[in-house]
Structures are given as structure tokens and as C-alpha cells.
Amino acid sequence: MYLTQALHRSVQQRPDKAALRFAGRTCSFREYAERVARLAGTLQALGMQTGDRVAMLALNSARYLEYQMAVPWGGGVLNPCNIRWSAAEILYSLEDSGSTILLVDETFRSLAEQIRDQAKSLREVIYCGDGALPAGMLGYEGLIDAASPVPDAARRDEDLAGIFYTGGTTGFPKGVMLSHTNMCSSGLALHAEHLAPPDGCYLHAAPMFHLADMGLATPHWFEGNTHSIIPMFSPEGVLNAIESDHVTHILLVPTMIQMLVDHPAMREPRDLSSLKCIAYGASPISEAVLNCAIDAFPGVDFVQAYGMTELSPLATLNPARNHTAEGRKLGKLRSAGRASYCMEVRIVDADGTEAPRGTVGEVAVRGPNVMQGYWNKPELTAAAVRDGWMHTGDDAYTGDDGYIFVVDRLKDMIISGGENIYSAEVENAITQHPAVAACAVIGIPSEEWGEAVHAALVLKPGQDIRTEDLILHCKTLIANYKCPRSVAIVDALPLSGAGKVLKTKLREPFWQDRQRGVA
């Protein structure tokens, strides 16, 4: 199995069909494949060797979709940069992965200029925006025009396809290594779940650097469907694309769904009849938001996908039937679903023994979707993947019919607006402020984002700090969405007998009287 295989099939069977639509332009599969082969030739001419990492820092675009196919076509390894990260975090991912080429658009041109000289592994920066060519960068379209198409390198199976960076428990991001088999098996499972029927159109509204979007798009490549693209999520952008491009499937996180159904544009007359399915992930959807969404999109299926980057990204699926009024009566709405095809999911205790049904334990997943490991972090890999089972860090129990219900997280992680935030990363940034003696970061309930970052601080004697000043300090070190939204000054942090901070004590006042300890 290899990522570009489906593109060859589409070129053979439907060369003149629309492969993508972006900014009012349509590109056929034949035209798209030609540009992919030329971009792959460009990357090789710039020195990309087999297995070299190529990064991209950009908003969603047709060129991003070309990058996703051209890098493996040319024999390289994808390294999509998180556009919400700080300069320091992006620089870390470039240097840690050893990325040799970076593609950047107009939105992030100045950021690329800021970090280019600090990223020692970078040899070339390609400007893929539409503005004037920045000094010291190469022009995307000029390179493609001058390049010759090259044959597909057809790296496959266990060959490394991409390194996808996610938050780290040690305060630094981890590079998740995914093979072609990992990503294709997850895509085939989604296809088997009927999330990419023939003649569909998938809308890239979620950020394309995120594996969730790439993962949900993969079955549509297998089916030879059209890809519609908007630069970034906005309610009006989504509605316009559905109407103009006849979108059938879309991935949104619950906060996006809420923003969509609450937006005034939803009350305007529109033809949204093409839309068949809204897939969502990162957190369960509240019944209030779900009811509003069902009313706003009558006849549209809602499907929850549960997983993580380390699982390429799928583990379980909660199907549309459990999101209906009848399904809610059965109590399945709060479930994360059941194991998808070719995947095993079980609940285990501390020593890895499977727990009885109804008993809370850790979610473990085994299958061809489980990552190869963390880039250059063998100890973390060994701790996460044991005997082929990926230990997710989520606490859950299983019902009699195999549905899992997530109740808490073993990992010190917060999920806010669909993004993973490791407390250690935030604490590492906060403690660099000269007024802070100690801190602990937890997730607290948020109606808008699911969870919000909250920091409990112990200040040095005679020091004081304003919340807004602490946030400004954190923004220089970590992404904005990771910064604390609320701060409490405390005399001391609660400690265990071994001197470990008892975050359960800090969390209790916020989560009491709730069914789950996570959103």
C-alpha cells in the first residue's frame, strides 16, 4: 500500500473528473497528477533524497494538496507544520525532524524568514504564495513550470510516509512516525465505514496540517472523489463551499459545528442539499449543540471518529444511527464508538490485562494503524507501544456490545477546540516567568471549547503578576491556544506524600457533579 496509489487509479479511470476545487478554480485528476509529478521532480532537483523530510507551513490550498502527494511521489517524507504554533515550536519541529526543504505561503512568510537561518537542516525555502517572491526564496509556480515530471518512487508498506508532530509530556513536541501502511489502513477502514461513497465531494475545512483532515480525506482519494478546499474554517466559507461545490462530506470539531449553527449566515436561504455527512472528533458533542445541528441540517448524518495521531488517526467510530433521537434513547451518544475495521480496542489495567466489561481502565489499540514510533524517542515509543498495543492514555470502560465510553485521561493532557495541549508544555513556559515559583496546569470545563487551560500559580516572595501579562509571556514560547485562559494565585500546590502535585485536587471543584472528568 502507498499513498499515491489511489491517484494513479483515478488518472487511469477518470482523468477528466474534477480532482480539486479551490478559489473558483477546478483541476482534473490528469492535471493534478501532472503537477504532482513536476513538484516531485522539483524537490528531487533541489536535493531531496529518499526518506528526506519536507515541511510545509501554510493555510489550506490546492498547493497544499499537491504537496501531500508530491513529497511521497518523489520519495520524501511529509512534515506538515502546525500553523498555530509559535516560532520556537515550529523551529523545534524543523530541527528535530531534520527537514531540508520548507514550503511557505504568504500568511507565514515573515515567520519563515524569522526562523529560516536558525533551522540548520534547511537548505531551501519555496514560496507558494501569490505575492511578490521574497528574497532568498524560490518561486513555486516557476519551479513547476521549469521541472520535468518524474516517475512515482512508490515507497510503500512500512516505508516512512510522514512525521506528524503532536504535544509532548516532557514539554517538547513529539514526532509521530507513520508509514504508508499506517495511513492507508486507517483510510481503508473509513472507506469500509461508508464515509466516502461514490461521486462524493470532501471539504477540507479543518486545517490540512492536521492528520484528522488528511485521514478523513484519504478514503475519498480511494474512491476518486473531488476535494473542495477553503483556506481555513469559517461558517460562511463552509456554507459557500457546500453550495457552490456540492460538498457531500466534511470533518468538523464540535466547536466548529457550534460556530456554524449559531452563525447568522445559517438563516440565509441556501441550497445545502448535497451535504450527506458531518464527521466530528476530538470530543463528544453536547446534546444541545447536536439538536441544533440536526435541526439546521435535516437529513445529514453525524458520525464521531475517535483516535489520535499515533493511530493514523482512527480507532473507533460512533455511527450515524446513534446520533438520532432513537439512538440517544439507547445511551450511545456519549460513547466514542466501537473498533473500526482491522483494529482491536480493549480496556486494560495497569499491567496490561484486559479489564472486565464495565470496569474503567486504559484504552489500548492494536492494528496496522498503530504508529511506528516517536521520531528519535525510543524510550517514549517503548512506553506507549507495548506488545503491539498503543496505550492511548484515555480512561474508559466497555459496554456489553463493545462500545467504549471515555471517562478521563491518564495523560496530563487537555483538549481545547479539538487541539491537544500537554500540561507540561504550558508549565514549562509559565515557569520561565521570573515572578513564578511553581505552577500546575489543568483543563477545566468550557462551553465554547470543551476544555480551557487553567493555571494555578505559586509566586515568588514579593512578586505579583496579571493574567494578561502571563499570557503575553507564554505567547512568546508556545502557541496562543495553549496559553492559560484563567489563572489562580495559590499559597501552595497540593502535594502527595511523594511530593507529586495532586492535580485531581485542583480539578475537583471544576468537574464535580459531571458524568465525565473530561469534556
# chains A, B, ... in the order shown; residues from 1 in each chain; ligands from 1
call {"tool": "residues_around", "arguments": {"residues": "stretch 347-351 of chain A", "least_positions_apart": "4", "cutoff": "9 Å", "atoms": "only C-alpha atoms", "output": "list in words"}}
result
Ala355, Pro356, Arg357, Thr359, Val360, Gly361, Glu362, Val363, Ala364, Val365, Asp395, Ala396, Tyr397, Thr398 and Ile404 of chain A
call {"tool": "write_last_selection", "arguments": {"atoms": "N, CA and C atoms", "output": "tab-separated table (two decimals), in the first residue's frame"}}
result
chain	number	residue	atom	x	y	z
A	355	ALA	N	-9.49	-5.56	31.19
A	355	ALA	CA	-10.41	-5.36	32.31
A	355	ALA	C	-11.79	-5.92	31.96
A	356	PRO	N	-12.56	-6.35	32.95
A	356	PRO	CA	-13.93	-6.83	32.69
A	356	PRO	C	-14.80	-5.72	32.11
A	357	ARG	N	-15.84	-6.12	31.40
A	357	ARG	CA	-16.78	-5.14	30.86
A	357	ARG	C	-17.35	-4.29	31.99
A	359	THR	N	-15.70	-2.10	33.68
A	359	THR	CA	-14.65	-1.65	34.59
A	359	THR	C	-13.77	-0.62	33.88
A	360	VAL	N	-13.47	0.46	34.56
A	360	VAL	CA	-12.66	1.53	33.96
A	360	VAL	C	-11.19	1.12	33.90
A	361	GLY	N	-10.59	1.34	32.76
A	361	GLY	CA	-9.16	1.08	32.54
A	361	GLY	C	-8.68	1.93	31.38
A	362	GLU	N	-7.47	1.66	30.91
A	362	GLU	CA	-6.91	2.45	29.83
A	362	GLU	C	-7.28	1.86	28.46
A	363	VAL	N	-7.58	2.73	27.50
A	363	VAL	CA	-7.87	2.30	26.14
A	363	VAL	C	-6.56	1.92	25.46
A	364	ALA	N	-6.51	0.70	24.93
A	364	ALA	CA	-5.36	0.24	24.16
A	364	ALA	C	-5.84	-0.22	22.79
A	365	VAL	N	-5.05	0.07	21.76
A	365	VAL	CA	-5.45	-0.22	20.36
A	365	VAL	C	-4.33	-0.97	19.67
A	395	ASP	N	-8.80	6.95	29.87
A	395	ASP	CA	-9.51	6.02	30.76
A	395	ASP	C	-10.92	5.82	30.22
A	396	ALA	N	-11.38	4.58	30.15
A	396	ALA	CA	-12.71	4.29	29.60
A	396	ALA	C	-13.20	2.95	30.12
A	397	TYR	N	-14.45	2.66	29.84
A	397	TYR	CA	-14.99	1.33	30.09
A	397	TYR	C	-15.73	0.87	28.85
A	398	THR	N	-15.96	-0.42	28.75
A	398	THR	CA	-16.63	-1.01	27.59
A	398	THR	C	-18.00	-1.54	27.99
A	404	ILE	N	-17.18	1.82	23.61
A	404	ILE	CA	-16.35	2.32	24.70
A	404	ILE	C	-16.83	3.71	25.11
call {"tool": "residues_around", "arguments": {"residues": "A:Pro264", "least_positions_apart": "5", "cutoff": "12 Å", "atoms": "only C-alpha atoms", "output": "VMD selection string"}}
result
chain A and resid 235 to 236 239 259 269 296
call {"tool": "write_last_selection", "arguments": {"atoms": "C-alpha atoms", "output": "PDB file, in the first residue's frame"}}
result
ATOM      1  CA  PRO A 235     -19.004  29.434   8.880  1.00  0.00           C
ATOM      2  CA  GLU A 236     -19.586  31.444   5.711  1.00  0.00           C
ATOM      3  CA  LEU A 239     -21.621  27.209   3.664  1.00  0.00           C
ATOM      4  CA  MET A 259     -19.981  28.201  15.444  1.00  0.00           C
ATOM      5  CA  PRO A 269     -31.683  30.903   2.052  1.00  0.00           C
ATOM      6  CA  ALA A 296     -30.065  23.064  10.887  1.00  0.00           C
TER       7      ALA A 296
END
call {"tool": "closest_residue", "arguments": {"among": "A:Leu78, A:Met371, A:Ala279, A:Val490", "to": "A:Val300", "atoms": "only C-alpha atoms"}}
result
A:Ala279
call {"tool": "residues_around", "arguments": {"residues": "stretch 290-293 of chain A", "least_positions_apart": "3", "cutoff": "12 Å", "atoms": "only C-alpha atoms", "output": "ChimeraX atom specification"}}
result
/A:252,254-263,266,277-278,280,284-287,296-304,320,322-325,328,333-334
call {"tool": "write_last_selection", "arguments": {"atoms": "N, CA and C atoms", "output": "CSV table (one decimal), in the first residue's frame"}}
result
chain,number,residue,atom,x,y,z
A,252,LEU,N,-15.5,18.3,11.0
A,252,LEU,CA,-15.5,19.5,11.9
A,252,LEU,C,-15.4,19.0,13.4
A,254,PRO,N,-16.4,19.7,17.3
A,254,PRO,CA,-17.7,20.2,17.9
A,254,PRO,C,-17.8,21.7,18.0
A,255,THR,N,-16.7,22.4,18.4
A,255,THR,CA,-16.7,23.8,18.5
A,255,THR,C,-17.0,24.5,17.1
A,256,MET,N,-16.5,23.9,16.0
A,256,MET,CA,-16.8,24.4,14.7
A,256,MET,C,-18.3,24.2,14.4
A,257,ILE,N,-18.8,23.1,14.7
A,257,ILE,CA,-20.2,22.8,14.5
A,257,ILE,C,-21.1,23.9,15.2
A,258,GLN,N,-20.7,24.2,16.5
A,258,GLN,CA,-21.5,25.2,17.2
A,258,GLN,C,-21.4,26.5,16.6
A,259,MET,N,-20.2,26.9,16.1
A,259,MET,CA,-20.0,28.2,15.4
A,259,MET,C,-20.8,28.3,14.2
A,260,LEU,N,-20.9,27.1,13.5
A,260,LEU,CA,-21.6,27.1,12.2
A,260,LEU,C,-23.1,27.2,12.4
A,261,VAL,N,-23.7,26.5,13.4
A,261,VAL,CA,-25.1,26.5,13.5
A,261,VAL,C,-25.6,27.8,14.2
A,262,ASP,N,-24.7,28.5,14.9
A,262,ASP,CA,-25.0,29.8,15.6
A,262,ASP,C,-24.8,31.0,14.7
A,263,HIS,N,-24.2,30.8,13.5
A,263,HIS,CA,-23.9,31.9,12.7
A,263,HIS,C,-25.1,32.5,11.9
A,266,MET,N,-26.4,31.0,8.6
A,266,MET,CA,-27.3,29.8,8.6
A,266,MET,C,-28.7,30.2,8.3
A,277,CYS,N,-23.0,14.1,5.2
A,277,CYS,CA,-22.4,13.6,6.4
A,277,CYS,C,-21.5,14.6,7.0
A,278,ILE,N,-21.6,14.9,8.3
A,278,ILE,CA,-20.7,15.7,9.1
A,278,ILE,C,-20.0,14.7,10.1
A,280,TYR,N,-17.2,14.3,13.1
A,280,TYR,CA,-16.5,15.1,14.1
A,280,TYR,C,-15.7,14.3,15.0
A,284,PRO,N,-16.8,14.5,22.5
A,284,PRO,CA,-18.2,14.2,22.3
A,284,PRO,C,-18.9,15.5,22.1
A,285,ILE,N,-20.0,15.5,21.3
A,285,ILE,CA,-20.8,16.7,21.1
A,285,ILE,C,-21.9,16.8,22.1
A,286,SER,N,-22.1,18.0,22.6
A,286,SER,CA,-23.2,18.1,23.6
A,286,SER,C,-24.6,17.9,22.9
A,287,GLU,N,-25.5,17.4,23.7
A,287,GLU,CA,-26.8,17.2,23.1
A,287,GLU,C,-27.5,18.5,22.6
A,296,ALA,N,-30.6,22.2,11.9
A,296,ALA,CA,-30.1,23.1,10.9
A,296,ALA,C,-29.7,22.3,9.6
A,297,PHE,N,-29.4,21.0,9.8
A,297,PHE,CA,-29.0,20.1,8.7
A,297,PHE,C,-29.9,18.9,8.6
A,298,PRO,N,-31.2,19.0,8.4
A,298,PRO,CA,-32.1,17.8,8.3
A,298,PRO,C,-31.6,16.8,7.3
A,299,GLY,N,-31.6,15.6,7.7
A,299,GLY,CA,-31.2,14.5,6.8
A,299,GLY,C,-29.8,14.3,6.7
A,300,VAL,N,-28.9,15.1,7.4
A,300,VAL,CA,-27.5,14.9,7.3
A,300,VAL,C,-27.1,14.0,8.5
A,301,ASP,N,-26.2,13.0,8.2
A,301,ASP,CA,-25.7,12.1,9.2
A,301,ASP,C,-24.6,12.7,10.0
A,302,PHE,N,-24.6,12.4,11.3
A,302,PHE,CA,-23.5,12.9,12.2
A,302,PHE,C,-22.7,11.6,12.6
A,303,VAL,N,-21.4,11.6,12.5
A,303,VAL,CA,-20.6,10.5,12.9
A,303,VAL,C,-19.4,10.9,13.7
A,304,GLN,N,-19.2,10.3,14.8
A,304,GLN,CA,-18.0,10.6,15.6
A,304,GLN,C,-16.8,9.6,15.4
A,320,ALA,N,-23.9,7.0,12.6
A,320,ALA,CA,-25.0,8.0,12.5
A,320,ALA,C,-26.2,7.5,13.3
A,322,ASN,N,-26.6,6.2,16.0
A,322,ASN,CA,-26.6,6.6,17.5
A,322,ASN,C,-26.7,8.0,17.7
A,323,HIS,N,-26.8,8.9,16.7
A,323,HIS,CA,-27.0,10.3,16.8
A,323,HIS,C,-28.4,10.7,16.6
A,324,THR,N,-29.2,9.8,16.2
A,324,THR,CA,-30.7,10.1,16.0
A,324,THR,C,-31.4,10.1,17.4
A,325,ALA,N,-32.6,10.6,17.3
A,325,ALA,CA,-33.4,10.6,18.6
A,325,ALA,C,-33.5,9.2,19.2
A,328,ARG,N,-30.2,8.1,20.7
A,328,ARG,CA,-29.9,8.8,22.0
A,328,ARG,C,-30.6,8.1,23.1
A,333,LEU,N,-25.0,8.0,22.6
A,333,LEU,CA,-24.4,9.3,22.1
A,333,LEU,C,-23.1,9.7,22.8
A,334,ARG,N,-23.0,9.3,24.1
A,334,ARG,CA,-21.8,9.7,24.9
A,334,ARG,C,-20.7,8.7,24.6
call {"tool": "residues_around", "arguments": {"residues": "stretch 307-309 of chain A", "least_positions_apart": "3", "cutoff": "9 Å", "atoms": "only C-alpha atoms", "output": "PDB file with C-alpha atoms, in the first residue's frame"}}
result
ATOM      1  CA  PHE A 164       3.359  14.440  12.378  1.00  0.00           C
ATOM      2  CA  TYR A 165       4.211  16.482  15.455  1.00  0.00           C
ATOM      3  CA  THR A 166       1.972  16.429  18.492  1.00  0.00           C
ATOM      4  CA  VAL A 176       4.800  10.624  15.305  1.00  0.00           C
ATOM      5  CA  LEU A 178       3.512   6.974  10.297  1.00  0.00           C
ATOM      6  CA  HIS A 210      -3.709  18.182  10.985  1.00  0.00           C
ATOM      7  CA  LEU A 211      -3.774  14.418  10.488  1.00  0.00           C
ATOM      8  CA  ALA A 212      -7.512  14.361  11.234  1.00  0.00           C
ATOM      9  CA  GLY A 281     -13.877  14.206  16.564  1.00  0.00           C
ATOM     10  CA  ALA A 282     -11.691  15.365  19.459  1.00  0.00           C
ATOM     11  CA  SER A 312      -3.190   7.340  11.875  1.00  0.00           C
ATOM     12  CA  PRO A 313      -5.671   8.627  13.300  1.00  0.00           C
ATOM     13  CA  LEU A 314      -8.664   6.251  13.577  1.00  0.00           C
ATOM     14  CA  ALA A 315      -9.509   3.789  16.353  1.00  0.00           C
ATOM     15  CA  THR A 316     -13.297   3.719  16.761  1.00  0.00           C
ATOM     16  CA  LEU A 317     -16.398   5.103  15.104  1.00  0.00           C
ATOM     17  CA  MET A 371       2.417   4.219  14.570  1.00  0.00           C
ATOM     18  CA  THR A 392      -3.734   5.938  24.485  1.00  0.00           C
TER      19      THR A 392
END
call {"tool": "residues_around", "arguments": {"residues": "A:Pro494", "least_positions_apart": "6", "cutoff": "9 Å", "atoms": "only C-alpha atoms", "output": "PyMOL selection string"}}
result
chain A and resi 500-503+505-506
